[in-house]
Structures are given as C-alpha cells and as structure tokens.
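Working notes, structure below.
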Amino acid sequence: MTTAVCPGCTIHPEVSKLLEEPTLGKVVLSVPTIRCAACISKIEKALMLRDDVDQARVNLSQKRVYVSGDAEPHILSEVLRAVGFEAFPLNEADLTPIDDQMGRSLLIRLGVAGFAMMNVMLLSVAVWSGATEATRQLFHLISALIALPAIVYAAEPFYMSAWSALRVRQLNMDVPITLAIFLTAGLSTYESFFGGHHAYFDAAISLTFFLLIGRYLDHRTRRFAQSAASELTALEVSTAERKTGSGYQTVSFNMLGVGDTVLISSGSRVPVDGLVTTDSISLMTDCSFLTGESEPVIRHVGDSVHAGEINIGAPFEIRATAVGEKTSLRQMSAAVALAEASKSRYTSLADRAALLYAPLVHILALAAFVIWYIGTSDVRTSLNVANAVLIITCPCALGLAVPAVSITAIGRLFSMGYLVKDGTALERISEIDTVIFDKTGTLTIPKAHINDEDFQPHERGILASLAAQSKHPISTAIAETLNGTPLCKLENVQDHKGQGVSAEHSGEKVQLGHGTWLNAPFTGPGVRIGSKMYPIAITEKLRDGASETIGNLQGRGLNVILLSGDREEKVRQVAKDLSVDSFLFERSPEEKLAFVEKLAGAGNKVLMVGDGLNDTAALAAAHASVAPSKALDAARAAADILFLRTSLRSFPELLDVSAQTVRLSKQNFNLATVYNVIAVPVAFAGLATPLIAAIAMSLSSITVLINGLRIGRRA
Amino acid sequence: MNVLVILIPVSLILGLLGFGLFLWTIRNNQYEDLEGAAARMLLEDDT
C-alpha cells in the first residue's frame, strides 16, 4: 500500500518487485532542511535511483528519511549531500520506536467513542424533540446498546488512571470523571429499562470523547518531544577506532574492553577512561564538558584522560583503563539519579486543581442526594438529581484545562527553538526566583582569535575559505570570526580526517589543522599558507544575546548567579562583562549540586542552565533546568528543556510563555468554575435535563480549548 | 413508525462504515506524518 504514495517506486518497476521482501537493513537519516513537497520528491528520487536502496520514505513532520536496503548510512548521506541536503545518519538503537502503540490505541478508542457519540446523539435529538412512551424507551434502549460497550472500552485509560490514584489513597481528576461515567451509564440503563424520562447516555459518551481528545493531544506532544530528544542522542557517533594487529578497526563504544588501544583522532571525543600512550608534545584535550575549564589541557604520555574529553590537538592513542559503566562519565549518572530522587515531588497545577475540585464534586453530588431524599423520600429521583450534579460539575473542561494550554505553549516554544521535555516544566519555570548559569559552553562559546595585523587581507580570505570546508568545531569558530570576509577559490580540497584540511590556492599549498601536522613550531591549531605559518588562538566569547538576557532577567527581579568550574580570572571577567555580582568559580560537580541544594533548602526556586557533565547533578536537583542541545548526553537527559539554537536572545520569552501558560491554565479553571456556579443550582433544583447537560458540557469544553489556543496567537 | 425499523439500522451501518474506514487509516499509519501528507499531494507521480 505504501508504494502507491511513493512517487519513486512508480519510476522503477523492478524496485516495486523488491519491495515484497522488505526485511533488509533499515537506515534512518536526519535531514533537518526538508521543508516542502519538492524536497520530498528530490530526496526520495535520488535515493531510489540507487540499486542498494529498496525503499526510501521521507517523514516531513520528523524531518527524517527512512531507507530500507543494504546501503551504508554514510554513503546515503553523501548521496543526499550531492543533491543539496545535509543529512546525518541516526543510531537506530537510540531512537524511540516508530511504531506508536499507545497513540494508536488512543486513536482507536477515540474512533469508537466518536462513532458511538454520533449515533447516540442522533437518537437523543429525537427524544429531545418530543418522542414519548414506547418510542422513547426504544430509543433509550438502542442508545444503551451502543453506548455501554463503547464506554467500557473507550474510557479505559481513565479507569486505569483513577484506579492507580485510588490505590495509593489519592484523588486525581480521573476519579470524579470515572465515577461520573459509571454512575451516568448505570443510572441511565436503569431508567431506560423502567421507562424513565431522562437517560444521559449522550453525556457519558461525549464526556469520554472530549476527554480522549485531550489525552491524545497530550500524548502526541509528549511523544514528539521524546522523539526529538532521542534524536539528539542518536546523532552522536558511538564508534571508536580500536587498534588491531594490522591497523585500526571501527567498533562501537560498548565493544571496547579494558586494555584495548584506541585511536583518538583530532576533534573526536574520548570514548573510555584511559592512559595516553602516544609520546608527543602536541597533545591537548578540551575538558570543558567535564570540569567547566575553558583552557585546553596539555597531555603527556602516561597521563590519564577521561571519557567525554575532546581531542583538540594531534591524534593520539590511549590504553583503556575503564569502560562502559565504570567510566567517570557514567559514574556521574549515579549522582544524578540520587539528585532526582531527593528532589521533592512536584505537584502539577492539574493535580492541585484535582485535589481541590474532586472532593468538592463528590460532596456536592452527595449533598444533592441527601437533600432530595429528605424532601421526596424517593431514592430514584434523588439519585437522578445527584447524577445530574455530578455530570454538570465535572465536565471535560476540567480535564482539558491544562492540556489545551500546554500543548499550544509547547508547540509555540518549539518554533522558538525550545524543546520542552516535561509538561510540568513550564509551570515550574514560572515559579523560579533564582537563575544559575554555568559559564563554559552555556554563556560562552569557543571563539577563534584572529589578529588583524598578522594576516594580509587575501590571507584572511584563504583562511575563511579553508575553515568553511570543515565541520570541526574549531573550523566553525574560525569561520564565524571571519564571517563577511570575501571567500576565494580553492582547488584540490582534501579533508584529512583528524588532521585538518588542505587545498591549493593559485599554485600555493594551504593547510588548516593542528601544529604538528603543519610541521609548525607551535602545537595548537594553526594555518599554513605557502611557507608562512600562523597559530590561531582559541578563546571564548559570550553567546549571542547573553548580556541582553542576563540584563532582562535581573530587570525582572530574579537573582542571577554564575556557577562555574573554570578558573577565577576567567569567571570574574565574564561576570564583569555581564554585570553579574554573584559568581562562584572552580566548583566541582559535587559542590555545584550542594550549592543548588542549599538554595533549595533555603526556600529558593532555582532555574539551572548548564551544559556540562559537571552541571548534570545540579540540573537534576534544580526546580527547573535548561540545557543547550549541544550539551553532553547526560546533561540533556537531566534537563527539562533543551534550547536548539545558538543564541540566548529568546530566553526571556521562555519565561514569558511559561508565565502565560500558567495564567491561561488558571483562567481555564476559573472559566470551568463559572460554568459550575451557573449550572449547579440548575442541577440542584432538578431541572438539568440531558439537553441542558449536553449544552453545558460542549460549551465549556469549547471555551476552554479556544482560550488555550490564544498562546499561539501572541507574537 | 415502521420507517424506524429501516432507518435506525441504516444509520448504524453508515456509522460503522465510517468507523471501519477510520480503523483502516490508523492501520495504514496515516496519522504518523500529517505535514508530509499535506505536502505530498503537490507531487506529480506520473513520471
């Protein structure tokens, strides 16, 4: 069936034949630049033209391509690069499975509820417009026949949730909902059999239908966030070069064992803890992810290096001393788990509302029953009134109040470059009074320092053109510094993996790479133009928008603190540039965690912003946390929100949207309350016919949904 | 009132038909990539 919608397959009849055996390997590529129909067709056609590709299918919502066949992922990304798309192979094991069982089952339940609702409504309208006696009873019985099985099946998620809350002696919003559904269905069945006037099957089933919509939307957003977050993990290269008798073999990280010799090429991340075995003077690693120190560390033979450090000097070999769970990188996650467990459990707005509303709903219904029973001594009438009160007081508005707002807010934040991993994160952010920033990698990013006096204008052009050839972080930093410099034409460009880039410019050999490779007298990165060589200093600079953001946060009366593992003079300088008064330096991960916990203990609500392994425990312990998407995997996992752009400029907007989300959610609860205040007396008086219940329910749900959509409308 | 004997089953069958179609769309993963589906109708697939 998929062949009909895949334009590529119609071109190649022989490919369609191959499709009958789709058991071959599957490759997933992330292609962030897919935007339109033309991109889809271009990508799918380019891939389908290959013999080793059976089927290629673009998923536009996820911006991914799923390819089946026995082609190598990196070859496929080359193919896509040739047609103009940047493509990154994804590590399939790290992705959330494509098959969304949960979403599918919710959709089917939604379908069942929708089908039943339409048919029951049809019969109900007939009753409302004046069917009497036998006809009415017949219609009620047919409604029961449709509605009862549908309710039993479709509303199951609510029963389960209510049951799990009751089991631990708590009330959540699903308890009154479940009770209302059960009571309504049961009483209406009784009424139908004994020829009663009112049956509320339509109310019971439409309650289920509306609430399932809320559930499904909630699930979709959460799944989207999960799959985007897992994509960041899957993007990480998890292979290493292991030395064998005859050369190097590419193996995955978890295949490495203690005692293995591993080659760390320039620019790549150290996969395991180990000892340096290469004797050279030009070894350097960047430990900023681990310690927050921005200055590169010179490494000598025999030095120990830790998993997570990045090699920014010449390639070197290490002998592994600790692998897998034993590496310092993984041991950190134990501290994170501890911090997460000790973090006091946050009660979300919806839960707090449930705590308030759920008992009220039950008490009102009970009161209605008692009063009517005293007045009439008729159990049946009293039960009917109590039931009407229950339906009116707990309409879907309460269940939809929060999801309707947070879904729009999360979507809006995503378009601004924020990935919200946890639904309650926005509520928590709106409560903060202290913001702690890590320095290295969070407020600052690497910057290439290029002295104007050192370089002739044409040499700057050569350097900029060379830097544009590579994706290496240092090249990127150079290219950014020289942004705007006219590029020149290079010939015979070669990317020497782990060494640098070489090319020819008007017959002269030009190279950009580390000092040893250039045969230069210096060790760090540098450039060679003909016979001249220049070192390039890598320092740090503030992220775009950092000072505006800090100023804005301080203007809101928030307490801004810099908490860094870097050395005093560097932290002091950045704090001065940003006019932040309180700063702490040379803090170990444990000290960072202790600092956050101390503030929390003093009653402060802390928002932690950090990217490194040294921030991870603090991120998990803070009231809310944000990490850049370039952060280390562990930090990304610990943070509530990831920001996907390099600029910090929109950071205040994150706070604005969070505040607005909470405001609108509360407003929704108030709206629902207003409906109750009007409708409860009517129900109490015994005047709530099924028609009035149906109108009240749909009106309040629609109001709440529309109110939630307002977030997306504001600029 | 005899007309009800025909009309009620007819409405039920029509409803079931719609429900069946909905189940079919779910089984075909038609809700996995809504943006893609919107874009794909612009493609020419007659090459």
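Residue numbering restarts at 1 for every chain of the structure tokens, chains are lettered A, B, ... in their displayed order, and ligands are numbered from 1 as they appear.
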Contacts between chain A and chain B, please, where a residue of chain B counts if it comes within 6 Å (with only C-alpha atoms); show its shortest atom pair and distance in Å to one decimal, rows by chain and ascending number, as CSV.
residue,atom,partner,partner_atom,distance
B:Asp33,CA,A:Ser61,CA,5.4
B:Glu35,CA,A:Ser61,CA,5.5
B:Gly36,CA,A:Leu60,CA,4.6
B:Ala39,CA,A:Ala37,CA,4.8
B:Arg40,CA,A:Ala37,CA,5.6
B:Asp45,CA,A:Pro7,CA,4.8
Using DSSP on the backbone, list every residue of stretch 42-185 of chain A that comes out as alpha helix (DSSP H), and give them as a count of residues only.
-> 91
Atomic distance atom CA of A:Leu275 - atom CA of A:Val305, expressed in Å with one decimal =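 Taking atom CA of A:Leu275 and atom CA of A:Val305, their separation equals 6.1 Å.
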Check the smallest atom-to-atom distance from each of A:Met173, A:His197, A:Val510, A:Leu217 to A:Ala354 using only C-alpha atoms, then report the winner.
-> A:Met173
Shell of 9 Å around A:Ala627, only C-alpha atoms, local chain residues under 3 positions omitted, as a ChimeraX atom specification | /A:442,608-612,619,630-631,635-636,638-643
In Å, how far is it from atom CA of A:Met48 to atom CA of B:Ala38?
->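 If I compute the distance from atom CA of A:Met48 to atom CA of B:Ala38, I get 21.7 Å.
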Nearest to A:Asp433, chosen from A:Ala602, A:Val27, A:Ala150, A:Leu256, with only C-alpha atoms counted in the distances |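 Looking at the shortest contact to A:Asp433, the residue is A:Ala602.
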Between atom CA of A:Phe85 and atom CA of A:Ala46, what is the distance, to one decimal in Å?
->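 For atom CA of A:Phe85 relative to atom CA of A:Ala46, the distance reads 11.0 Å.
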Could you pull the residues within 8 Å of A:Ile429, counting only C-alpha atoms, minus those fewer than 2 positions along the same chain, as a compact mmCIF listing (two decimals) with C-alpha atoms, in the first residue's frame?
# COMPACT_ATOMS: atom_id res chain seq x y z
CA ALA A 425 8.43 22.25 33.33
CA LEU A 426 6.59 25.40 32.21
CA GLU A 427 4.68 25.60 35.48
CA GLU A 431 7.75 29.92 39.89
CA ILE A 432 11.51 30.49 39.88
CA LEU A 607 16.38 27.52 37.43
CA HIS A 623 13.47 23.28 40.47
CA ALA A 624 13.64 23.58 36.68
CA LEU A 655 9.85 32.77 30.87
CA SER A 658 5.73 29.83 30.86
CA ALA A 659 4.05 32.56 32.86
Spatial neighbours of A:Leu648, 9 Å, only C-alpha atoms, chain gap at least 6 places, as a list in words | Leu443, Arg543, Asp544, Gly545, Ala546, Ser547, Glu548 and Thr549 of chain A
